[in-house]
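Content type mmCIF, N, CA and C atoms, from the file protein-v3.cif:
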```cif
data_upload
#
loop_
_atom_site.label_atom_id
_atom_site.label_comp_id
_atom_site.auth_asym_id
_atom_site.auth_seq_id
_atom_site.Cartn_x
_atom_site.Cartn_y
_atom_site.Cartn_z
N VAL A 102 131.66 72.98 12.55
CA VAL A 102 132.06 73.98 11.56
C VAL A 102 132.94 73.31 10.51
N VAL A 103 132.70 73.65 9.25
CA VAL A 103 133.53 73.13 8.17
C VAL A 103 134.85 73.88 8.20
N LEU A 104 135.94 73.14 8.39
CA LEU A 104 137.27 73.74 8.46
C LEU A 104 137.89 73.90 7.08
N ASN A 105 137.74 72.87 6.25
CA ASN A 105 138.28 72.88 4.88
C ASN A 105 137.27 72.22 3.96
N ALA A 106 137.25 72.65 2.73
CA ALA A 106 136.37 72.05 1.72
C ALA A 106 137.20 71.56 0.55
N PHE A 107 136.84 70.39 0.05
CA PHE A 107 137.51 69.78 -1.10
C PHE A 107 136.44 69.44 -2.14
N PRO A 108 135.91 70.47 -2.85
CA PRO A 108 134.78 70.24 -3.75
C PRO A 108 135.09 69.24 -4.87
N GLU A 109 136.34 69.17 -5.31
CA GLU A 109 136.69 68.24 -6.39
C GLU A 109 136.53 66.79 -5.94
N LYS A 110 136.59 66.54 -4.63
CA LYS A 110 136.41 65.19 -4.08
C LYS A 110 135.07 65.03 -3.37
N GLN A 111 134.28 66.09 -3.32
CA GLN A 111 133.00 66.14 -2.60
C GLN A 111 133.19 65.75 -1.13
N LEU A 112 134.20 66.38 -0.49
CA LEU A 112 134.51 66.14 0.91
C LEU A 112 134.66 67.46 1.65
N VAL A 113 134.35 67.45 2.93
CA VAL A 113 134.64 68.57 3.82
C VAL A 113 135.32 68.02 5.07
N GLU A 114 136.19 68.83 5.65
CA GLU A 114 136.83 68.47 6.91
C GLU A 114 136.11 69.22 8.03
N ILE A 115 135.73 68.47 9.07
CA ILE A 115 135.08 69.09 10.22
C ILE A 115 135.77 68.63 11.51
N GLU A 116 135.52 69.38 12.57
CA GLU A 116 135.91 68.96 13.91
C GLU A 116 134.64 68.49 14.60
N VAL A 117 134.62 67.22 14.99
CA VAL A 117 133.42 66.60 15.55
C VAL A 117 133.19 67.08 16.98
N LYS A 118 132.00 67.60 17.24
CA LYS A 118 131.61 68.04 18.59
C LYS A 118 130.65 67.04 19.24
N ASN A 119 129.83 66.37 18.44
CA ASN A 119 128.90 65.35 18.91
C ASN A 119 129.05 64.11 18.04
N ARG A 120 128.71 62.97 18.58
CA ARG A 120 128.89 61.71 17.85
C ARG A 120 128.16 61.74 16.50
N LEU A 121 128.87 61.30 15.47
CA LEU A 121 128.30 61.15 14.13
C LEU A 121 128.40 59.69 13.73
N ILE A 122 127.36 59.19 13.07
CA ILE A 122 127.32 57.82 12.60
C ILE A 122 126.93 57.84 11.13
N VAL A 123 127.62 57.05 10.31
CA VAL A 123 127.23 56.93 8.90
C VAL A 123 125.77 56.49 8.88
N GLY A 124 124.96 57.18 8.10
CA GLY A 124 123.51 56.95 8.06
C GLY A 124 122.72 58.04 8.76
N ASP A 125 123.41 58.86 9.58
CA ASP A 125 122.74 59.99 10.24
C ASP A 125 122.25 61.00 9.22
N GLN A 126 121.14 61.65 9.54
CA GLN A 126 120.69 62.81 8.79
C GLN A 126 121.49 64.01 9.30
N ILE A 127 122.14 64.75 8.42
CA ILE A 127 122.89 65.95 8.80
C ILE A 127 122.43 67.13 7.96
N GLU A 128 122.74 68.31 8.44
CA GLU A 128 122.37 69.53 7.72
C GLU A 128 123.55 70.48 7.71
N PHE A 129 123.87 71.00 6.55
CA PHE A 129 124.90 72.02 6.40
C PHE A 129 124.19 73.36 6.28
N MET A 130 124.57 74.31 7.12
CA MET A 130 124.00 75.66 7.07
C MET A 130 125.05 76.56 6.42
N THR A 131 124.77 77.00 5.19
CA THR A 131 125.71 77.79 4.40
C THR A 131 125.11 79.16 4.12
N PRO A 132 125.93 80.12 3.68
CA PRO A 132 125.39 81.43 3.30
C PRO A 132 124.38 81.34 2.15
N GLN A 133 124.51 80.29 1.32
CA GLN A 133 123.60 80.12 0.18
C GLN A 133 122.32 79.38 0.55
N GLY A 134 122.23 78.89 1.78
CA GLY A 134 121.05 78.14 2.22
C GLY A 134 121.45 76.85 2.90
N ASN A 135 120.45 76.16 3.42
CA ASN A 135 120.69 74.91 4.14
C ASN A 135 120.59 73.73 3.18
N HIS A 136 121.41 72.71 3.44
CA HIS A 136 121.43 71.49 2.64
C HIS A 136 121.37 70.30 3.57
N SER A 137 120.30 69.52 3.49
CA SER A 137 120.17 68.30 4.30
C SER A 137 120.58 67.10 3.46
N GLN A 138 121.16 66.11 4.14
CA GLN A 138 121.55 64.89 3.45
C GLN A 138 121.76 63.79 4.47
N ILE A 139 121.79 62.56 3.98
CA ILE A 139 122.18 61.41 4.78
C ILE A 139 123.70 61.33 4.71
N LEU A 140 124.35 61.12 5.86
CA LEU A 140 125.80 60.96 5.89
C LEU A 140 126.12 59.57 5.33
N ARG A 141 126.59 59.54 4.08
CA ARG A 141 126.82 58.28 3.38
C ARG A 141 128.22 57.73 3.58
N ALA A 142 129.19 58.60 3.85
CA ALA A 142 130.57 58.15 4.04
C ALA A 142 131.32 59.15 4.90
N MET A 143 132.24 58.61 5.70
CA MET A 143 133.07 59.43 6.58
C MET A 143 134.44 58.78 6.63
N PHE A 144 135.48 59.62 6.70
CA PHE A 144 136.85 59.13 6.65
C PHE A 144 137.72 59.82 7.69
N ALA A 145 138.71 59.09 8.19
CA ALA A 145 139.76 59.71 8.99
C ALA A 145 140.58 60.57 8.04
N LEU A 146 141.37 61.48 8.58
CA LEU A 146 142.18 62.36 7.72
C LEU A 146 143.18 61.58 6.86
N ASN A 147 143.54 60.37 7.28
CA ASN A 147 144.46 59.54 6.48
C ASN A 147 143.73 58.77 5.38
N GLY A 148 142.40 58.95 5.28
CA GLY A 148 141.61 58.31 4.23
C GLY A 148 140.94 57.01 4.65
N GLU A 149 141.19 56.55 5.87
CA GLU A 149 140.59 55.31 6.36
C GLU A 149 139.09 55.51 6.55
N PRO A 150 138.25 54.62 6.00
CA PRO A 150 136.80 54.74 6.18
C PRO A 150 136.42 54.57 7.65
N LEU A 151 135.43 55.36 8.08
CA LEU A 151 134.92 55.30 9.44
C LEU A 151 133.42 55.03 9.40
N THR A 152 132.90 54.35 10.44
CA THR A 152 131.45 54.18 10.56
C THR A 152 130.89 55.14 11.59
N GLU A 153 131.74 55.61 12.53
CA GLU A 153 131.29 56.61 13.49
C GLU A 153 132.48 57.41 13.99
N ALA A 154 132.19 58.60 14.51
CA ALA A 154 133.21 59.48 15.09
C ALA A 154 132.62 60.09 16.34
N HIS A 155 133.42 60.15 17.38
CA HIS A 155 132.96 60.70 18.66
C HIS A 155 133.41 62.13 18.81
N GLY A 156 132.67 62.90 19.61
CA GLY A 156 133.00 64.30 19.85
C GLY A 156 134.31 64.44 20.59
N GLY A 157 134.65 65.67 20.86
CA GLY A 157 135.88 65.92 21.59
C GLY A 157 136.98 66.48 20.71
N GLY A 158 136.63 66.92 19.52
CA GLY A 158 137.61 67.58 18.69
C GLY A 158 138.25 66.72 17.61
N THR A 159 137.77 65.48 17.43
CA THR A 159 138.29 64.64 16.37
C THR A 159 138.00 65.29 15.02
N ARG A 160 138.99 65.31 14.15
CA ARG A 160 138.78 65.84 12.79
C ARG A 160 138.55 64.70 11.82
N VAL A 161 137.52 64.84 11.00
CA VAL A 161 137.16 63.81 10.02
C VAL A 161 136.78 64.48 8.71
N LEU A 162 136.69 63.66 7.68
CA LEU A 162 136.21 64.09 6.37
C LEU A 162 134.82 63.51 6.15
N LEU A 163 133.89 64.34 5.71
CA LEU A 163 132.53 63.90 5.41
C LEU A 163 132.29 64.01 3.91
N ALA A 164 131.65 62.99 3.35
CA ALA A 164 131.23 63.05 1.95
C ALA A 164 130.02 63.97 1.85
N THR A 165 129.99 64.83 0.84
CA THR A 165 128.90 65.79 0.67
C THR A 165 128.21 65.60 -0.68
N GLU A 166 126.96 65.99 -0.73
CA GLU A 166 126.19 65.94 -1.98
C GLU A 166 126.15 67.29 -2.67
N HIS A 167 126.58 68.34 -1.97
CA HIS A 167 126.56 69.70 -2.50
C HIS A 167 127.93 70.34 -2.24
N ALA A 168 128.25 71.40 -2.95
CA ALA A 168 129.46 72.17 -2.66
C ALA A 168 129.22 72.93 -1.37
N ILE A 169 130.02 72.65 -0.36
CA ILE A 169 129.87 73.27 0.96
C ILE A 169 131.10 74.13 1.23
N PRO A 170 130.92 75.44 1.44
CA PRO A 170 132.08 76.31 1.66
C PRO A 170 132.62 76.20 3.09
N PRO A 171 133.91 76.53 3.27
CA PRO A 171 134.47 76.57 4.62
C PRO A 171 133.66 77.52 5.51
N PHE A 172 133.68 77.25 6.79
CA PHE A 172 133.00 78.02 7.84
C PHE A 172 131.48 77.82 7.86
N SER A 173 130.98 76.90 7.02
CA SER A 173 129.57 76.52 7.12
C SER A 173 129.39 75.74 8.41
N LEU A 174 128.17 75.77 8.94
CA LEU A 174 127.87 75.01 10.15
C LEU A 174 127.31 73.65 9.78
N VAL A 175 127.63 72.65 10.60
CA VAL A 175 127.09 71.30 10.42
C VAL A 175 126.21 71.02 11.62
N ARG A 176 125.03 70.50 11.36
CA ARG A 176 124.10 70.27 12.45
C ARG A 176 123.47 68.90 12.30
N LEU A 177 123.23 68.27 13.44
CA LEU A 177 122.50 67.01 13.52
C LEU A 177 121.10 67.32 14.02
N PRO A 178 120.07 67.10 13.22
CA PRO A 178 118.71 67.30 13.74
C PRO A 178 118.49 66.38 14.94
N MET A 179 117.59 66.77 15.84
CA MET A 179 117.29 65.95 17.02
C MET A 179 116.85 64.56 16.59
N ARG A 180 117.38 63.55 17.26
CA ARG A 180 116.97 62.17 16.99
C ARG A 180 115.70 61.89 17.78
N GLU A 181 114.77 61.16 17.16
CA GLU A 181 113.53 60.81 17.84
C GLU A 181 113.71 59.49 18.56
N THR A 182 113.22 59.41 19.80
CA THR A 182 113.25 58.17 20.58
C THR A 182 111.88 57.93 21.19
N LYS A 183 111.58 56.68 21.48
CA LYS A 183 110.30 56.33 22.09
C LYS A 183 110.59 55.73 23.47
N GLU A 184 109.87 56.22 24.49
CA GLU A 184 110.02 55.71 25.84
C GLU A 184 108.66 55.35 26.41
N LYS A 185 108.34 54.06 26.55
CA LYS A 185 107.11 53.57 27.17
C LYS A 185 105.88 54.37 26.76
N GLY A 186 105.66 54.47 25.45
CA GLY A 186 104.48 55.16 24.96
C GLY A 186 104.64 56.66 24.79
N ASN A 187 105.72 57.23 25.32
CA ASN A 187 105.95 58.66 25.16
C ASN A 187 106.96 58.88 24.04
N GLU A 188 106.66 59.79 23.16
CA GLU A 188 107.60 60.13 22.11
C GLU A 188 108.30 61.42 22.47
N THR A 189 109.64 61.40 22.41
CA THR A 189 110.40 62.60 22.66
C THR A 189 111.32 62.84 21.48
N ALA A 190 111.64 64.07 21.26
CA ALA A 190 112.54 64.40 20.15
C ALA A 190 113.80 65.01 20.71
#
```

Reformat the file's structure so that it appears as C-alpha cells.
Amino acid sequence: VVLNAFPEKQLVEIEVKNRLIVGDQIEFMTPQGNHSQILRAMFALNGEPLTEAHGGGTRVLLATEHAIPPFSLVRLPMRETKEKGNETA
C-alpha cells in the first residue's frame, strides 16, 4: 500500500511485504486505473539508493512514472520460472 506520495519528486513511500528488486515489473492499482512499470530506482527513507528490499515491514521510496495517490495498492505480477521442462508462473 502506498503510504505517502511525493509527486513533485516522482516518489511514493511503501511498506514492503514481499521482496522487491530494482528491475522488477510492478503494478500500481489506483482509483484512476492500473499503471505497470519497471522499478527503476528505490531508496531508503534517508535517500540512500537500494537495489533490493525485503518484506517484513521495511519502508522504502519507489520511483514512479505516473502520479500515484496514497492508499493505492502495489503489486508484483507472478514471476515466471522454468523447472526441468515445466513452466510455472

d(atom N of Pro132 of chain A, atom N of Val175 of chain A) in Å: 10.3 Å

Among the residues of chain A, find those DSSP assigns to strand (DSSP E or B) from the backbone and print them as a PDB file with N, CA and C atoms, in the coordinates of the input.
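Below is the file part-v4.pdb, written as the result:
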```pdb
ATOM      1  N   VAL A 103     132.700  73.650   9.250  1.00  0.00           N
ATOM      2  CA  VAL A 103     133.530  73.130   8.170  1.00  0.00           C
ATOM      3  C   VAL A 103     134.850  73.880   8.200  1.00  0.00           C
ATOM      4  N   LEU A 104     135.940  73.140   8.390  1.00  0.00           N
ATOM      5  CA  LEU A 104     137.270  73.740   8.460  1.00  0.00           C
ATOM      6  C   LEU A 104     137.890  73.900   7.080  1.00  0.00           C
ATOM      7  N   ASN A 105     137.740  72.870   6.250  1.00  0.00           N
ATOM      8  CA  ASN A 105     138.280  72.880   4.880  1.00  0.00           C
ATOM      9  C   ASN A 105     137.270  72.220   3.960  1.00  0.00           C
ATOM     10  N   ALA A 106     137.250  72.650   2.730  1.00  0.00           N
ATOM     11  CA  ALA A 106     136.370  72.050   1.720  1.00  0.00           C
ATOM     12  C   ALA A 106     137.200  71.560   0.550  1.00  0.00           C
ATOM     13  N   PHE A 107     136.840  70.390   0.050  1.00  0.00           N
ATOM     14  CA  PHE A 107     137.510  69.780  -1.100  1.00  0.00           C
ATOM     15  C   PHE A 107     136.440  69.440  -2.140  1.00  0.00           C
ATOM     16  N   LEU A 112     134.200  66.380  -0.490  1.00  0.00           N
ATOM     17  CA  LEU A 112     134.510  66.140   0.910  1.00  0.00           C
ATOM     18  C   LEU A 112     134.660  67.460   1.650  1.00  0.00           C
ATOM     19  N   VAL A 113     134.350  67.450   2.930  1.00  0.00           N
ATOM     20  CA  VAL A 113     134.640  68.570   3.820  1.00  0.00           C
ATOM     21  C   VAL A 113     135.320  68.020   5.070  1.00  0.00           C
ATOM     22  N   GLU A 114     136.190  68.830   5.650  1.00  0.00           N
ATOM     23  CA  GLU A 114     136.830  68.470   6.910  1.00  0.00           C
ATOM     24  C   GLU A 114     136.110  69.220   8.030  1.00  0.00           C
ATOM     25  N   ILE A 115     135.730  68.470   9.070  1.00  0.00           N
ATOM     26  CA  ILE A 115     135.080  69.090  10.220  1.00  0.00           C
ATOM     27  C   ILE A 115     135.770  68.630  11.510  1.00  0.00           C
ATOM     28  N   GLU A 116     135.520  69.380  12.570  1.00  0.00           N
ATOM     29  CA  GLU A 116     135.910  68.960  13.910  1.00  0.00           C
ATOM     30  C   GLU A 116     134.640  68.490  14.600  1.00  0.00           C
ATOM     31  N   LEU A 121     128.870  61.300  15.470  1.00  0.00           N
ATOM     32  CA  LEU A 121     128.300  61.150  14.130  1.00  0.00           C
ATOM     33  C   LEU A 121     128.400  59.690  13.730  1.00  0.00           C
ATOM     34  N   ILE A 122     127.360  59.190  13.070  1.00  0.00           N
ATOM     35  CA  ILE A 122     127.320  57.820  12.600  1.00  0.00           C
ATOM     36  C   ILE A 122     126.930  57.840  11.130  1.00  0.00           C
ATOM     37  N   GLN A 126     121.140  61.650   9.540  1.00  0.00           N
ATOM     38  CA  GLN A 126     120.690  62.810   8.790  1.00  0.00           C
ATOM     39  C   GLN A 126     121.490  64.010   9.300  1.00  0.00           C
ATOM     40  N   ILE A 127     122.140  64.750   8.420  1.00  0.00           N
ATOM     41  CA  ILE A 127     122.890  65.950   8.800  1.00  0.00           C
ATOM     42  C   ILE A 127     122.430  67.130   7.960  1.00  0.00           C
ATOM     43  N   GLU A 128     122.740  68.310   8.440  1.00  0.00           N
ATOM     44  CA  GLU A 128     122.370  69.530   7.720  1.00  0.00           C
ATOM     45  C   GLU A 128     123.550  70.480   7.710  1.00  0.00           C
ATOM     46  N   PHE A 129     123.870  71.000   6.550  1.00  0.00           N
ATOM     47  CA  PHE A 129     124.900  72.020   6.400  1.00  0.00           C
ATOM     48  C   PHE A 129     124.190  73.360   6.280  1.00  0.00           C
ATOM     49  N   MET A 130     124.570  74.310   7.120  1.00  0.00           N
ATOM     50  CA  MET A 130     124.000  75.660   7.070  1.00  0.00           C
ATOM     51  C   MET A 130     125.050  76.560   6.420  1.00  0.00           C
ATOM     52  N   THR A 131     124.770  77.000   5.190  1.00  0.00           N
ATOM     53  CA  THR A 131     125.710  77.790   4.400  1.00  0.00           C
ATOM     54  C   THR A 131     125.110  79.160   4.120  1.00  0.00           C
ATOM     55  N   GLY A 134     122.230  78.890   1.780  1.00  0.00           N
ATOM     56  CA  GLY A 134     121.050  78.140   2.220  1.00  0.00           C
ATOM     57  C   GLY A 134     121.450  76.850   2.900  1.00  0.00           C
ATOM     58  N   ASN A 135     120.450  76.160   3.420  1.00  0.00           N
ATOM     59  CA  ASN A 135     120.690  74.910   4.140  1.00  0.00           C
ATOM     60  C   ASN A 135     120.590  73.730   3.180  1.00  0.00           C
ATOM     61  N   HIS A 136     121.410  72.710   3.440  1.00  0.00           N
ATOM     62  CA  HIS A 136     121.430  71.490   2.640  1.00  0.00           C
ATOM     63  C   HIS A 136     121.370  70.300   3.570  1.00  0.00           C
ATOM     64  N   SER A 137     120.300  69.520   3.490  1.00  0.00           N
ATOM     65  CA  SER A 137     120.170  68.300   4.300  1.00  0.00           C
ATOM     66  C   SER A 137     120.580  67.100   3.460  1.00  0.00           C
ATOM     67  N   GLN A 138     121.160  66.110   4.140  1.00  0.00           N
ATOM     68  CA  GLN A 138     121.550  64.890   3.450  1.00  0.00           C
ATOM     69  C   GLN A 138     121.760  63.790   4.470  1.00  0.00           C
ATOM     70  N   ILE A 139     121.790  62.560   3.980  1.00  0.00           N
ATOM     71  CA  ILE A 139     122.180  61.410   4.780  1.00  0.00           C
ATOM     72  C   ILE A 139     123.700  61.330   4.710  1.00  0.00           C
ATOM     73  N   MET A 143     132.240  58.610   5.700  1.00  0.00           N
ATOM     74  CA  MET A 143     133.070  59.430   6.580  1.00  0.00           C
ATOM     75  C   MET A 143     134.440  58.780   6.630  1.00  0.00           C
ATOM     76  N   PHE A 144     135.480  59.620   6.700  1.00  0.00           N
ATOM     77  CA  PHE A 144     136.850  59.130   6.650  1.00  0.00           C
ATOM     78  C   PHE A 144     137.720  59.820   7.690  1.00  0.00           C
ATOM     79  N   ALA A 145     138.710  59.090   8.190  1.00  0.00           N
ATOM     80  CA  ALA A 145     139.760  59.710   8.990  1.00  0.00           C
ATOM     81  C   ALA A 145     140.580  60.570   8.040  1.00  0.00           C
ATOM     82  N   PRO A 150     138.250  54.620   6.000  1.00  0.00           N
ATOM     83  CA  PRO A 150     136.800  54.740   6.180  1.00  0.00           C
ATOM     84  C   PRO A 150     136.420  54.570   7.650  1.00  0.00           C
ATOM     85  N   LEU A 151     135.430  55.360   8.080  1.00  0.00           N
ATOM     86  CA  LEU A 151     134.920  55.300   9.440  1.00  0.00           C
ATOM     87  C   LEU A 151     133.420  55.030   9.400  1.00  0.00           C
ATOM     88  N   GLU A 153     131.740  55.610  12.530  1.00  0.00           N
ATOM     89  CA  GLU A 153     131.290  56.610  13.490  1.00  0.00           C
ATOM     90  C   GLU A 153     132.480  57.410  13.990  1.00  0.00           C
ATOM     91  N   ALA A 154     132.190  58.600  14.510  1.00  0.00           N
ATOM     92  CA  ALA A 154     133.210  59.480  15.090  1.00  0.00           C
ATOM     93  C   ALA A 154     132.620  60.090  16.340  1.00  0.00           C
ATOM     94  N   ARG A 160     138.990  65.310  14.150  1.00  0.00           N
ATOM     95  CA  ARG A 160     138.780  65.840  12.790  1.00  0.00           C
ATOM     96  C   ARG A 160     138.550  64.700  11.820  1.00  0.00           C
ATOM     97  N   VAL A 161     137.520  64.840  11.000  1.00  0.00           N
ATOM     98  CA  VAL A 161     137.160  63.810  10.020  1.00  0.00           C
ATOM     99  C   VAL A 161     136.780  64.480   8.710  1.00  0.00           C
ATOM    100  N   LEU A 162     136.690  63.660   7.680  1.00  0.00           N
ATOM    101  CA  LEU A 162     136.210  64.090   6.370  1.00  0.00           C
ATOM    102  C   LEU A 162     134.820  63.510   6.150  1.00  0.00           C
ATOM    103  N   LEU A 163     133.890  64.340   5.710  1.00  0.00           N
ATOM    104  CA  LEU A 163     132.530  63.900   5.410  1.00  0.00           C
ATOM    105  C   LEU A 163     132.290  64.010   3.910  1.00  0.00           C
ATOM    106  N   ALA A 164     131.650  62.990   3.350  1.00  0.00           N
ATOM    107  CA  ALA A 164     131.230  63.050   1.950  1.00  0.00           C
ATOM    108  C   ALA A 164     130.020  63.970   1.850  1.00  0.00           C
ATOM    109  N   LEU A 174     128.170  75.770   8.940  1.00  0.00           N
ATOM    110  CA  LEU A 174     127.870  75.010  10.150  1.00  0.00           C
ATOM    111  C   LEU A 174     127.310  73.650   9.780  1.00  0.00           C
ATOM    112  N   VAL A 175     127.630  72.650  10.600  1.00  0.00           N
ATOM    113  CA  VAL A 175     127.090  71.300  10.420  1.00  0.00           C
ATOM    114  C   VAL A 175     126.210  71.020  11.620  1.00  0.00           C
ATOM    115  N   ARG A 176     125.030  70.500  11.360  1.00  0.00           N
ATOM    116  CA  ARG A 176     124.100  70.270  12.450  1.00  0.00           C
ATOM    117  C   ARG A 176     123.470  68.900  12.300  1.00  0.00           C
ATOM    118  N   THR A 182     113.220  59.410  19.800  1.00  0.00           N
ATOM    119  CA  THR A 182     113.250  58.170  20.580  1.00  0.00           C
ATOM    120  C   THR A 182     111.880  57.930  21.190  1.00  0.00           C
ATOM    121  N   LYS A 183     111.580  56.680  21.480  1.00  0.00           N
ATOM    122  CA  LYS A 183     110.300  56.330  22.090  1.00  0.00           C
ATOM    123  C   LYS A 183     110.590  55.730  23.470  1.00  0.00           C
ATOM    124  N   GLU A 184     109.870  56.220  24.490  1.00  0.00           N
ATOM    125  CA  GLU A 184     110.020  55.710  25.840  1.00  0.00           C
ATOM    126  C   GLU A 184     108.660  55.350  26.410  1.00  0.00           C
ATOM    127  N   ASN A 187     105.720  57.230  25.320  1.00  0.00           N
ATOM    128  CA  ASN A 187     105.950  58.660  25.160  1.00  0.00           C
ATOM    129  C   ASN A 187     106.960  58.880  24.040  1.00  0.00           C
ATOM    130  N   GLU A 188     106.660  59.790  23.160  1.00  0.00           N
ATOM    131  CA  GLU A 188     107.600  60.130  22.110  1.00  0.00           C
ATOM    132  C   GLU A 188     108.300  61.420  22.470  1.00  0.00           C
ATOM    133  N   THR A 189     109.640  61.400  22.410  1.00  0.00           N
ATOM    134  CA  THR A 189     110.400  62.600  22.660  1.00  0.00           C
ATOM    135  C   THR A 189     111.320  62.840  21.480  1.00  0.00           C
TER     136      THR A 189
END
```

Residue members of the PyMOL selection byres ((chain A and resi 138) around 8) in the file shown, as a PDB file with N, CA and C atoms, in the frame of the given file:
```pdb
ATOM      1  N   GLY A 124     124.960  57.180   8.100  1.00  0.00           N
ATOM      2  CA  GLY A 124     123.510  56.950   8.060  1.00  0.00           C
ATOM      3  C   GLY A 124     122.720  58.040   8.760  1.00  0.00           C
ATOM      4  N   ASP A 125     123.410  58.860   9.580  1.00  0.00           N
ATOM      5  CA  ASP A 125     122.740  59.990  10.240  1.00  0.00           C
ATOM      6  C   ASP A 125     122.250  61.000   9.220  1.00  0.00           C
ATOM      7  N   GLN A 126     121.140  61.650   9.540  1.00  0.00           N
ATOM      8  CA  GLN A 126     120.690  62.810   8.790  1.00  0.00           C
ATOM      9  C   GLN A 126     121.490  64.010   9.300  1.00  0.00           C
ATOM     10  N   ILE A 127     122.140  64.750   8.420  1.00  0.00           N
ATOM     11  CA  ILE A 127     122.890  65.950   8.800  1.00  0.00           C
ATOM     12  C   ILE A 127     122.430  67.130   7.960  1.00  0.00           C
ATOM     13  N   GLU A 128     122.740  68.310   8.440  1.00  0.00           N
ATOM     14  CA  GLU A 128     122.370  69.530   7.720  1.00  0.00           C
ATOM     15  C   GLU A 128     123.550  70.480   7.710  1.00  0.00           C
ATOM     16  N   PHE A 129     123.870  71.000   6.550  1.00  0.00           N
ATOM     17  CA  PHE A 129     124.900  72.020   6.400  1.00  0.00           C
ATOM     18  C   PHE A 129     124.190  73.360   6.280  1.00  0.00           C
ATOM     19  N   ASN A 135     120.450  76.160   3.420  1.00  0.00           N
ATOM     20  CA  ASN A 135     120.690  74.910   4.140  1.00  0.00           C
ATOM     21  C   ASN A 135     120.590  73.730   3.180  1.00  0.00           C
ATOM     22  N   HIS A 136     121.410  72.710   3.440  1.00  0.00           N
ATOM     23  CA  HIS A 136     121.430  71.490   2.640  1.00  0.00           C
ATOM     24  C   HIS A 136     121.370  70.300   3.570  1.00  0.00           C
ATOM     25  N   SER A 137     120.300  69.520   3.490  1.00  0.00           N
ATOM     26  CA  SER A 137     120.170  68.300   4.300  1.00  0.00           C
ATOM     27  C   SER A 137     120.580  67.100   3.460  1.00  0.00           C
ATOM     28  N   ILE A 139     121.790  62.560   3.980  1.00  0.00           N
ATOM     29  CA  ILE A 139     122.180  61.410   4.780  1.00  0.00           C
ATOM     30  C   ILE A 139     123.700  61.330   4.710  1.00  0.00           C
ATOM     31  N   LEU A 140     124.350  61.120   5.860  1.00  0.00           N
ATOM     32  CA  LEU A 140     125.800  60.960   5.890  1.00  0.00           C
ATOM     33  C   LEU A 140     126.120  59.570   5.330  1.00  0.00           C
ATOM     34  N   ARG A 141     126.590  59.540   4.080  1.00  0.00           N
ATOM     35  CA  ARG A 141     126.820  58.280   3.380  1.00  0.00           C
ATOM     36  C   ARG A 141     128.220  57.730   3.580  1.00  0.00           C
ATOM     37  N   THR A 165     129.990  64.830   0.840  1.00  0.00           N
ATOM     38  CA  THR A 165     128.900  65.790   0.670  1.00  0.00           C
ATOM     39  C   THR A 165     128.210  65.600  -0.680  1.00  0.00           C
ATOM     40  N   GLU A 166     126.960  65.990  -0.730  1.00  0.00           N
ATOM     41  CA  GLU A 166     126.190  65.940  -1.980  1.00  0.00           C
ATOM     42  C   GLU A 166     126.150  67.290  -2.670  1.00  0.00           C
TER      43      GLU A 166
END
```

If you count only N, CA and C atoms, which residues fall within 8 Å of Ala106 of chain A, apart from same-chain ones fewer than 5 positions away, as a short mmCIF file (atom, residue, chain, number, x, y, z; two decimals) with N, CA and C atoms, in the frame of the given file?
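For reference, result21.cif as written:
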```
data_model
loop_
_atom_site.label_atom_id
_atom_site.label_comp_id
_atom_site.auth_asym_id
_atom_site.auth_seq_id
_atom_site.Cartn_x
_atom_site.Cartn_y
_atom_site.Cartn_z
N GLN A 111 134.28 66.09 -3.32
CA GLN A 111 133.00 66.14 -2.60
C GLN A 111 133.19 65.75 -1.13
N LEU A 112 134.20 66.38 -0.49
CA LEU A 112 134.51 66.14 0.91
C LEU A 112 134.66 67.46 1.65
N VAL A 113 134.35 67.45 2.93
CA VAL A 113 134.64 68.57 3.82
C VAL A 113 135.32 68.02 5.07
N GLU A 114 136.19 68.83 5.65
CA GLU A 114 136.83 68.47 6.91
C GLU A 114 136.11 69.22 8.03
N ILE A 115 135.73 68.47 9.07
CA ILE A 115 135.08 69.09 10.22
C ILE A 115 135.77 68.63 11.51
N ALA A 168 128.25 71.40 -2.95
CA ALA A 168 129.46 72.17 -2.66
C ALA A 168 129.22 72.93 -1.37
N ILE A 169 130.02 72.65 -0.36
CA ILE A 169 129.87 73.27 0.96
C ILE A 169 131.10 74.13 1.23
N PRO A 170 130.92 75.44 1.44
CA PRO A 170 132.08 76.31 1.66
C PRO A 170 132.62 76.20 3.09
N PRO A 171 133.91 76.53 3.27
CA PRO A 171 134.47 76.57 4.62
C PRO A 171 133.66 77.52 5.51
N PHE A 172 133.68 77.25 6.79
CA PHE A 172 133.00 78.02 7.84
C PHE A 172 131.48 77.82 7.86
#
```

With segment 148-155 of chain A as the partner and 8 Å as the cut-off, tabulate the residues of segment 160-184 of chain A that qualify, each row holding the nearest pair of atoms and their distance in Å to one decimal, using all atoms listed in the file, sorted by chain and rising number, as CSV.
```
residue,atom,partner,partner_atom,distance
A:Arg160,N,A:His155,C,7.9
A:Val161,CA,A:Ala154,CA,7.7
A:Leu162,N,A:Gly148,N,7.8
```

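Reported to one decimal place, the separation of atom CA of Glu116 of chain A from atom N of Phe144 of chain A is 11.8 Å.
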
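Considering the residues A:Leu177, A:Glu109, A:Val103, A:Leu121 and counting only C-alpha atoms, Gly157 of chain A has its shortest atom-to-atom contact with A:Leu121.
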
From A:Met130, A:Val117, A:Ala142, A:Ile122, residue lying nearest Leu163 of chain A [all atoms listed in the file]: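 Looking at the shortest contact to Leu163 of chain A, the residue is A:Ala142.
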
Enclose the full set of atoms of segment 140-159 of chain A listed in the file within a box whose edges lie along x, y and z, apply 4 Å of padding to each of the six sides, and report centre and edge lengths in Å to one decimal as lines of an AutoDock Vina configuration file.
```
center_x = 134.4
center_y = 60.9
center_z = 12.5
size_x = 28.1
size_y = 21.4
size_z = 26.2
```

I'd like the interatomic distance between atom CA of Asn119 of chain A and atom CA of Ala164 of chain A, to a tenth of an Å.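 These atoms are spaced 17.3 Å apart.
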
A:Thr159, A:Asn105, A:Thr131, A:Asn147: which is nearest Lys118 of chain A, counting only C-alpha atoms?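 Closest candidate: A:Thr159.
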